[in-house]
>>> print(open('run.txt').read())   # compact mmCIF, C-alpha atoms
# COMPACT_ATOMS: atom_id res chain seq x y z
CA PRO A 1 0.00 0.00 0.00
CA TYR A 2 2.35 2.69 -1.27
CA PHE A 3 -0.01 5.61 -0.75
CA ALA A 4 -0.75 4.48 2.82
CA GLN A 5 2.96 4.28 3.59
CA ALA A 6 3.64 7.70 2.08
CA TRP A 7 0.70 9.27 3.91
CA ASN A 8 1.82 7.74 7.20
CA ASN A 9 5.19 9.45 6.73
CA ARG A 10 3.85 12.89 5.84
CA GLU A 11 5.17 14.37 9.10
CA HIS A 12 8.62 14.52 7.46
CA ILE A 13 7.49 17.53 5.45
CA SER A 14 6.47 19.27 8.69
CA GLY A 15 9.92 18.48 10.06
CA GLU A 16 11.53 20.02 6.98
CA LEU A 17 9.48 23.18 7.47
CA GLY A 18 10.00 23.25 11.22
CA LYS A 19 6.28 23.50 11.99
CA PRO A 20 3.25 21.22 11.90
CA LEU A 21 1.03 21.31 8.82
CA LYS A 22 -2.65 20.51 8.57
CA ASP A 23 -3.40 17.44 6.46
CA ALA A 24 -5.43 19.60 4.08
CA TRP A 25 -2.22 21.44 3.10
CA ILE A 26 -0.34 18.26 2.14
CA SER A 27 -0.63 16.23 -1.04
CA LEU A 28 0.83 13.05 -2.47
CA ALA A 29 1.41 12.74 -6.20
CA VAL A 30 2.69 10.18 -8.69
CA ASN A 31 3.54 11.29 -12.21
CA SER A 32 2.43 9.25 -15.18
CA LYS A 33 4.94 6.85 -16.69
CA TYR A 34 5.63 9.44 -19.39
CA GLY A 35 5.79 12.42 -17.04
CA ARG A 36 8.59 11.14 -14.81
CA SER A 37 12.06 12.57 -14.81
CA GLN A 38 13.32 9.39 -13.15
CA ASN A 39 12.67 5.98 -14.63
CA GLN A 40 11.03 4.68 -11.47
CA LEU A 41 7.77 5.00 -9.62
CA HIS A 42 8.03 7.48 -6.77
CA ILE A 43 5.54 9.46 -4.69
CA HIS A 44 5.98 13.18 -4.20
CA VAL A 45 4.97 14.57 -0.80
CA ALA A 46 4.43 18.31 -1.02
CA CYS A 47 2.37 21.26 0.14
CA LEU A 48 -0.63 22.25 -1.97
CA ARG A 49 -0.56 25.58 -3.72
CA GLN A 50 -3.03 28.06 -2.23
CA ASP A 51 -5.08 28.23 -5.46
CA VAL A 52 -5.33 24.43 -5.65
CA TYR A 53 -6.33 24.23 -1.97
CA ASN A 54 -9.05 26.84 -2.57
CA ALA A 55 -10.34 25.13 -5.72
CA LEU A 56 -10.50 21.72 -4.05
CA GLY A 57 -12.35 23.24 -1.11
CA GLN A 58 -14.92 24.74 -3.47
CA GLN A 59 -15.30 21.58 -5.57
CA ALA A 60 -15.31 18.93 -2.81
CA GLU A 61 -19.06 19.14 -2.18
CA GLN A 62 -19.81 18.20 -5.81
CA LEU A 63 -17.62 15.08 -5.65
CA ASP A 64 -18.70 11.57 -4.75
CA GLN A 65 -17.10 8.13 -4.99
CA GLN A 66 -17.19 8.04 -8.81
CA TRP A 67 -14.46 9.41 -11.06
CA ARG A 68 -15.72 12.62 -12.69
CA PRO A 69 -14.07 15.54 -14.44
CA LEU A 70 -13.31 18.28 -11.94
CA ALA A 71 -15.35 21.36 -12.84
CA VAL A 72 -12.28 23.62 -12.83
CA LYS A 73 -8.76 23.21 -14.12
CA LEU A 74 -5.93 23.02 -11.59
CA VAL A 75 -2.75 24.81 -12.63
CA GLY A 76 -4.04 24.75 -16.22
CA HIS A 77 -4.72 21.00 -16.30
CA GLN A 78 -7.98 19.06 -16.40
CA TYR A 79 -8.34 16.42 -13.69
CA LEU A 80 -10.66 13.61 -12.84
CA ALA A 81 -11.59 13.56 -9.17
CA ARG A 82 -13.40 11.43 -6.63
CA LYS A 83 -13.78 11.07 -2.89
CA LEU A 84 -12.68 8.08 -0.87
CA ALA A 85 -15.25 6.46 1.41
CA GLY A 86 -12.94 6.83 4.41
CA THR A 87 -9.38 7.59 5.36
CA ASP A 88 -7.82 4.11 5.41
CA LEU A 89 -5.54 3.95 2.38
CA THR A 90 -4.93 0.25 2.93
CA GLN A 91 -8.66 -0.44 2.45
CA GLU A 92 -9.07 1.90 -0.52
CA ASP A 93 -5.91 1.67 -2.60
CA PRO A 94 -5.69 4.74 -4.89
CA PHE A 95 -3.76 2.78 -7.52
CA ARG A 96 -6.43 0.07 -7.63
CA LEU A 97 -9.25 2.63 -7.83
CA LEU A 98 -7.58 4.35 -10.76
CA GLN A 99 -6.72 1.03 -12.41
CA ASN A 100 -10.38 -0.03 -12.28
CA TYR A 101 -11.39 3.25 -13.94
CA VAL A 102 -8.80 3.17 -16.72
CA VAL A 103 -9.59 -0.46 -17.59
CA GLU A 104 -13.24 0.59 -18.04
CA GLN A 105 -11.98 3.31 -20.40
CA GLY A 106 -9.85 0.84 -22.38
CA ASP A 107 -6.75 2.75 -21.32
CA SER A 108 -3.50 2.13 -19.43
CA ILE A 109 -2.74 3.37 -15.91
CA GLY A 110 0.75 4.33 -17.11
CA ASN A 111 -0.82 7.25 -18.97
CA TYR A 112 -2.18 8.78 -15.75
CA GLY A 113 -0.78 10.82 -12.93
CA LEU A 114 -2.43 10.30 -9.54
CA ALA A 115 -2.65 12.56 -6.51
CA LEU A 116 -4.19 12.47 -3.07
CA ALA A 117 -5.33 15.53 -1.15
CA VAL A 118 -7.58 16.19 1.82
CA SER A 119 -10.45 18.64 1.53
CA PRO A 120 -10.80 21.40 4.13
CA GLN A 121 -13.70 19.29 5.45
CA GLY A 122 -11.30 16.36 6.07
CA GLU A 123 -12.40 14.11 3.19
CA MET A 124 -9.74 12.32 1.18
CA LEU A 125 -9.80 13.18 -2.52
CA LEU A 126 -8.13 11.46 -5.43
CA LEU A 127 -7.15 13.39 -8.52
CA ALA A 128 -6.00 11.88 -11.80
CA ASN A 129 -4.95 13.39 -15.08
CA ARG A 130 -4.10 11.71 -18.35
CA LEU A 131 -0.91 12.70 -20.05
CA LYS A 132 -1.66 13.54 -23.64
CA LEU A 133 1.09 12.09 -25.85
>>> encode(input="run.txt", output="structure tokens")
Amino acid sequence: PYFAQAWNNREHISGELGKPLKDAWISLAVNSKYGRSQNQLHIHVACLRQDVYNALGQQAEQLDQQWRPLAVKLVGHQYLARKLAGTDLTQEDPFRLLQNYVVEQGDSIGNYGLALAVSPQGEMLLLANRLKL
């Protein structure tokens, strides 16, 4: 459960900054196979930009547990988004949820980037975008 392990180690970013951060300010992200600068899967742990945090806060109420296009672009990119049922990333594996979606689309998960964020209301959100080759 890579996302669960990364999320459980998110306090390292607070240590780097020297102050605690709210979960809603932290995100995890995996670039698509074609969007990586390194030839290996790795998860980025970073702070959300203020505009992304604001947009996710505004959009969270319209999301449910189905992948849907997010109504606004984030940093100029269109994303799919969905909520998780809970907060246990070992029970709801983000990779598996995205894999199920892309198989239904007749696509490959390698074409997608995947991110996890927490809404200001405390709900876990998944975001995915397809790299256009």
>>> residues_around(input="run.txt", residues="Trp7 in chain A", least_positions_apart="2", cutoff="10 Å", atoms="only C-alpha atoms", output="VMD selection string")
chain A and resid 2 to 5 9 to 11 23 26 to 28 43 45 89 116
>>> residues_around(input="run.txt", residues="Trp25 in chain A", least_positions_apart="5", cutoff="10 Å", atoms="only C-alpha atoms", output="ChimeraX atom specification")
/A:46-50,52-53,117-120
>>> atom_distance(input="run.txt", atom1="CA of Ala60 in chain A", atom2="CA of Glu16 in chain A")
28.6 Å
>>> residues_around(input="run.txt", residues="Gln59 in chain A", least_positions_apart="5", cutoff="9 Å", atoms="all atoms listed in the file", output="ChimeraX atom specification")
/A:54,70-72
>>> closest_residue(input="run.txt", among="A:Val103, A:Ala24, A:Ile109, A:Ala6", to="Leu56 in chain A", atoms="all atoms listed in the file")
A:Ala24
>>> atom_distance(input="run.txt", atom1="CA of Lys19 in chain A", atom2="CA of Asp51 in chain A")
21.4 Å
>>> atom_distance(input="run.txt", atom1="CA of Thr90 in chain A", atom2="CA of Pro1 in chain A")
5.7 Å
>>> residues_near_point(input="run.txt", point="(5.4, 10.6, -19.6)", cutoff="12 Å", atoms="only C-alpha atoms", output="list in words")
Val30, Asn31, Ser32, Lys33, Tyr34, Gly35, Arg36, Ser37, Gln38, Asn39, Gln40, Leu41, Ile109, Gly110, Asn111, Tyr112, Gly113, Asn129, Arg130, Leu131, Lys132 and Leu133 of chain A
>>> closest_residue(input="run.txt", among="A:Leu63, A:Leu98, A:Ile13, A:Leu114", to="His42 in chain A", atoms="only C-alpha atoms")
A:Leu114
>>> residues_near_point(input="run.txt", point="(-7.6, 0.9, -9.1)", cutoff="12 Å", atoms="all atoms listed in the file", output="list in words")
Pro1, Gln66, Trp67, Gln91, Glu92, Asp93, Pro94, Phe95, Arg96, Leu97, Leu98, Gln99, Asn100, Tyr101, Val102, Val103, Glu104, Ser108, Ile109, Tyr112, Leu114, Leu126 and Ala128 of chain A
>>> write_last_selection(input="run.txt", atoms="C-alpha atoms", output="compact mmCIF listing (two decimals), in the coordinates of the input")
# COMPACT_ATOMS: atom_id res chain seq x y z
CA PRO A 1 0.00 0.00 0.00
CA GLN A 66 -17.19 8.04 -8.81
CA TRP A 67 -14.46 9.41 -11.06
CA GLN A 91 -8.66 -0.44 2.45
CA GLU A 92 -9.07 1.90 -0.52
CA ASP A 93 -5.91 1.67 -2.60
CA PRO A 94 -5.69 4.74 -4.89
CA PHE A 95 -3.76 2.78 -7.52
CA ARG A 96 -6.43 0.07 -7.63
CA LEU A 97 -9.25 2.63 -7.83
CA LEU A 98 -7.58 4.35 -10.76
CA GLN A 99 -6.72 1.03 -12.41
CA ASN A 100 -10.38 -0.03 -12.28
CA TYR A 101 -11.39 3.25 -13.94
CA VAL A 102 -8.80 3.17 -16.72
CA VAL A 103 -9.59 -0.46 -17.59
CA GLU A 104 -13.24 0.59 -18.04
CA SER A 108 -3.50 2.13 -19.43
CA ILE A 109 -2.74 3.37 -15.91
CA TYR A 112 -2.18 8.78 -15.75
CA LEU A 114 -2.43 10.30 -9.54
CA LEU A 126 -8.13 11.46 -5.43
CA ALA A 128 -6.00 11.88 -11.80
>>> closest_residue(input="run.txt", among="A:Gly57, A:Leu74, A:Gly15, A:Ala81", to="Gly122 in chain A", atoms="only C-alpha atoms")
A:Gly57
>>> closest_residue(input="run.txt", among="A:Gln58, A:Lys73, A:Gln65, A:Asp107", to="Met124 in chain A", atoms="only C-alpha atoms")
A:Gln65
>>> closest_residue(input="run.txt", among="A:Val75, A:Leu125, A:Ala29, A:Leu17", to="Gln62 in chain A", atoms="only C-alpha atoms")
A:Leu125
>>> build_atoms(input="run.txt", residues="range 71-93 of chain A", atoms="N, CA, C and O atoms", output="PDB file, in the frame of the given file")
ATOM      1  N   ALA A  71     -14.700  20.259 -12.132  1.00  0.00           N
ATOM      2  CA  ALA A  71     -15.350  21.360 -12.840  1.00  0.00           C
ATOM      3  C   ALA A  71     -14.404  22.506 -13.190  1.00  0.00           C
ATOM      4  O   ALA A  71     -14.733  23.335 -14.041  1.00  0.00           O
ATOM      5  N   VAL A  72     -13.261  22.571 -12.548  1.00  0.00           N
ATOM      6  CA  VAL A  72     -12.280  23.620 -12.830  1.00  0.00           C
ATOM      7  C   VAL A  72     -10.931  22.978 -13.114  1.00  0.00           C
ATOM      8  O   VAL A  72     -10.645  21.882 -12.663  1.00  0.00           O
ATOM      9  N   LYS A  73     -10.122  23.679 -13.883  1.00  0.00           N
ATOM     10  CA  LYS A  73      -8.760  23.210 -14.120  1.00  0.00           C
ATOM     11  C   LYS A  73      -7.896  23.573 -12.919  1.00  0.00           C
ATOM     12  O   LYS A  73      -8.124  24.588 -12.259  1.00  0.00           O
ATOM     13  N   LEU A  74      -6.904  22.745 -12.650  1.00  0.00           N
ATOM     14  CA  LEU A  74      -5.930  23.020 -11.590  1.00  0.00           C
ATOM     15  C   LEU A  74      -4.579  23.254 -12.260  1.00  0.00           C
ATOM     16  O   LEU A  74      -4.098  22.396 -13.006  1.00  0.00           O
ATOM     17  N   VAL A  75      -4.038  24.429 -12.043  1.00  0.00           N
ATOM     18  CA  VAL A  75      -2.750  24.810 -12.630  1.00  0.00           C
ATOM     19  C   VAL A  75      -2.764  24.556 -14.143  1.00  0.00           C
ATOM     20  O   VAL A  75      -1.809  24.053 -14.724  1.00  0.00           O
ATOM     21  N   GLY A  76      -3.900  24.865 -14.768  1.00  0.00           N
ATOM     22  CA  GLY A  76      -4.040  24.750 -16.220  1.00  0.00           C
ATOM     23  C   GLY A  76      -4.305  23.354 -16.741  1.00  0.00           C
ATOM     24  O   GLY A  76      -4.332  23.160 -17.953  1.00  0.00           O
ATOM     25  N   HIS A  77      -4.502  22.376 -15.862  1.00  0.00           N
ATOM     26  CA  HIS A  77      -4.720  21.000 -16.300  1.00  0.00           C
ATOM     27  C   HIS A  77      -6.085  20.492 -15.856  1.00  0.00           C
ATOM     28  O   HIS A  77      -6.539  20.792 -14.760  1.00  0.00           O
ATOM     29  N   GLN A  78      -6.709  19.684 -16.724  1.00  0.00           N
ATOM     30  CA  GLN A  78      -7.980  19.060 -16.400  1.00  0.00           C
ATOM     31  C   GLN A  78      -7.740  17.789 -15.612  1.00  0.00           C
ATOM     32  O   GLN A  78      -6.885  16.996 -15.974  1.00  0.00           O
ATOM     33  N   TYR A  79      -8.474  17.598 -14.540  1.00  0.00           N
ATOM     34  CA  TYR A  79      -8.340  16.420 -13.690  1.00  0.00           C
ATOM     35  C   TYR A  79      -9.662  15.695 -13.551  1.00  0.00           C
ATOM     36  O   TYR A  79     -10.724  16.310 -13.605  1.00  0.00           O
ATOM     37  N   LEU A  80      -9.561  14.401 -13.343  1.00  0.00           N
ATOM     38  CA  LEU A  80     -10.660  13.610 -12.840  1.00  0.00           C
ATOM     39  C   LEU A  80     -10.538  13.636 -11.325  1.00  0.00           C
ATOM     40  O   LEU A  80      -9.424  13.734 -10.791  1.00  0.00           O
ATOM     41  N   ALA A  81     -11.645  13.532 -10.627  1.00  0.00           N
ATOM     42  CA  ALA A  81     -11.590  13.560  -9.170  1.00  0.00           C
ATOM     43  C   ALA A  81     -12.673  12.668  -8.593  1.00  0.00           C
ATOM     44  O   ALA A  81     -13.697  12.414  -9.231  1.00  0.00           O
ATOM     45  N   ARG A  82     -12.428  12.219  -7.376  1.00  0.00           N
ATOM     46  CA  ARG A  82     -13.400  11.430  -6.630  1.00  0.00           C
ATOM     47  C   ARG A  82     -13.033  11.484  -5.159  1.00  0.00           C
ATOM     48  O   ARG A  82     -11.903  11.790  -4.802  1.00  0.00           O
ATOM     49  N   LYS A  83     -14.014  11.179  -4.327  1.00  0.00           N
ATOM     50  CA  LYS A  83     -13.780  11.070  -2.890  1.00  0.00           C
ATOM     51  C   LYS A  83     -13.509   9.607  -2.551  1.00  0.00           C
ATOM     52  O   LYS A  83     -13.959   8.691  -3.246  1.00  0.00           O
ATOM     53  N   LEU A  84     -12.806   9.404  -1.460  1.00  0.00           N
ATOM     54  CA  LEU A  84     -12.680   8.080  -0.870  1.00  0.00           C
ATOM     55  C   LEU A  84     -13.787   7.924   0.160  1.00  0.00           C
ATOM     56  O   LEU A  84     -14.253   8.913   0.730  1.00  0.00           O
ATOM     57  N   ALA A  85     -14.191   6.702   0.430  1.00  0.00           N
ATOM     58  CA  ALA A  85     -15.250   6.460   1.410  1.00  0.00           C
ATOM     59  C   ALA A  85     -14.772   6.782   2.826  1.00  0.00           C
ATOM     60  O   ALA A  85     -15.555   7.187   3.669  1.00  0.00           O
ATOM     61  N   GLY A  86     -13.487   6.601   3.074  1.00  0.00           N
ATOM     62  CA  GLY A  86     -12.940   6.830   4.410  1.00  0.00           C
ATOM     63  C   GLY A  86     -11.551   7.395   4.331  1.00  0.00           C
ATOM     64  O   GLY A  86     -11.202   8.077   3.369  1.00  0.00           O
ATOM     65  N   THR A  87     -10.737   7.074   5.320  1.00  0.00           N
ATOM     66  CA  THR A  87      -9.380   7.590   5.360  1.00  0.00           C
ATOM     67  C   THR A  87      -8.326   6.483   5.470  1.00  0.00           C
ATOM     68  O   THR A  87      -7.153   6.764   5.658  1.00  0.00           O
ATOM     69  N   ASP A  88      -8.745   5.236   5.318  1.00  0.00           N
ATOM     70  CA  ASP A  88      -7.820   4.110   5.410  1.00  0.00           C
ATOM     71  C   ASP A  88      -7.319   3.751   4.015  1.00  0.00           C
ATOM     72  O   ASP A  88      -8.023   3.106   3.234  1.00  0.00           O
ATOM     73  N   LEU A  89      -6.101   4.169   3.716  1.00  0.00           N
ATOM     74  CA  LEU A  89      -5.540   3.950   2.380  1.00  0.00           C
ATOM     75  C   LEU A  89      -5.084   2.522   2.146  1.00  0.00           C
ATOM     76  O   LEU A  89      -4.663   2.179   1.048  1.00  0.00           O
ATOM     77  N   THR A  90      -5.176   1.670   3.162  1.00  0.00           N
ATOM     78  CA  THR A  90      -4.930   0.250   2.930  1.00  0.00           C
ATOM     79  C   THR A  90      -6.207  -0.436   2.481  1.00  0.00           C
ATOM     80  O   THR A  90      -6.161  -1.452   1.794  1.00  0.00           O
ATOM     81  N   GLN A  91      -7.361   0.115   2.865  1.00  0.00           N
ATOM     82  CA  GLN A  91      -8.660  -0.440   2.450  1.00  0.00           C
ATOM     83  C   GLN A  91      -9.074   0.071   1.072  1.00  0.00           C
ATOM     84  O   GLN A  91      -9.722  -0.641   0.314  1.00  0.00           O
ATOM     85  N   GLU A  92      -8.749   1.298   0.778  1.00  0.00           N
ATOM     86  CA  GLU A  92      -9.070   1.900  -0.520  1.00  0.00           C
ATOM     87  C   GLU A  92      -7.753   2.307  -1.169  1.00  0.00           C
ATOM     88  O   GLU A  92      -7.243   3.396  -0.930  1.00  0.00           O
ATOM     89  N   ASP A  93      -7.195   1.439  -1.959  1.00  0.00           N
ATOM     90  CA  ASP A  93      -5.910   1.670  -2.600  1.00  0.00           C
ATOM     91  C   ASP A  93      -6.095   2.608  -3.799  1.00  0.00           C
ATOM     92  O   ASP A  93      -6.760   2.237  -4.778  1.00  0.00           O
TER      93      ASP A  93
END
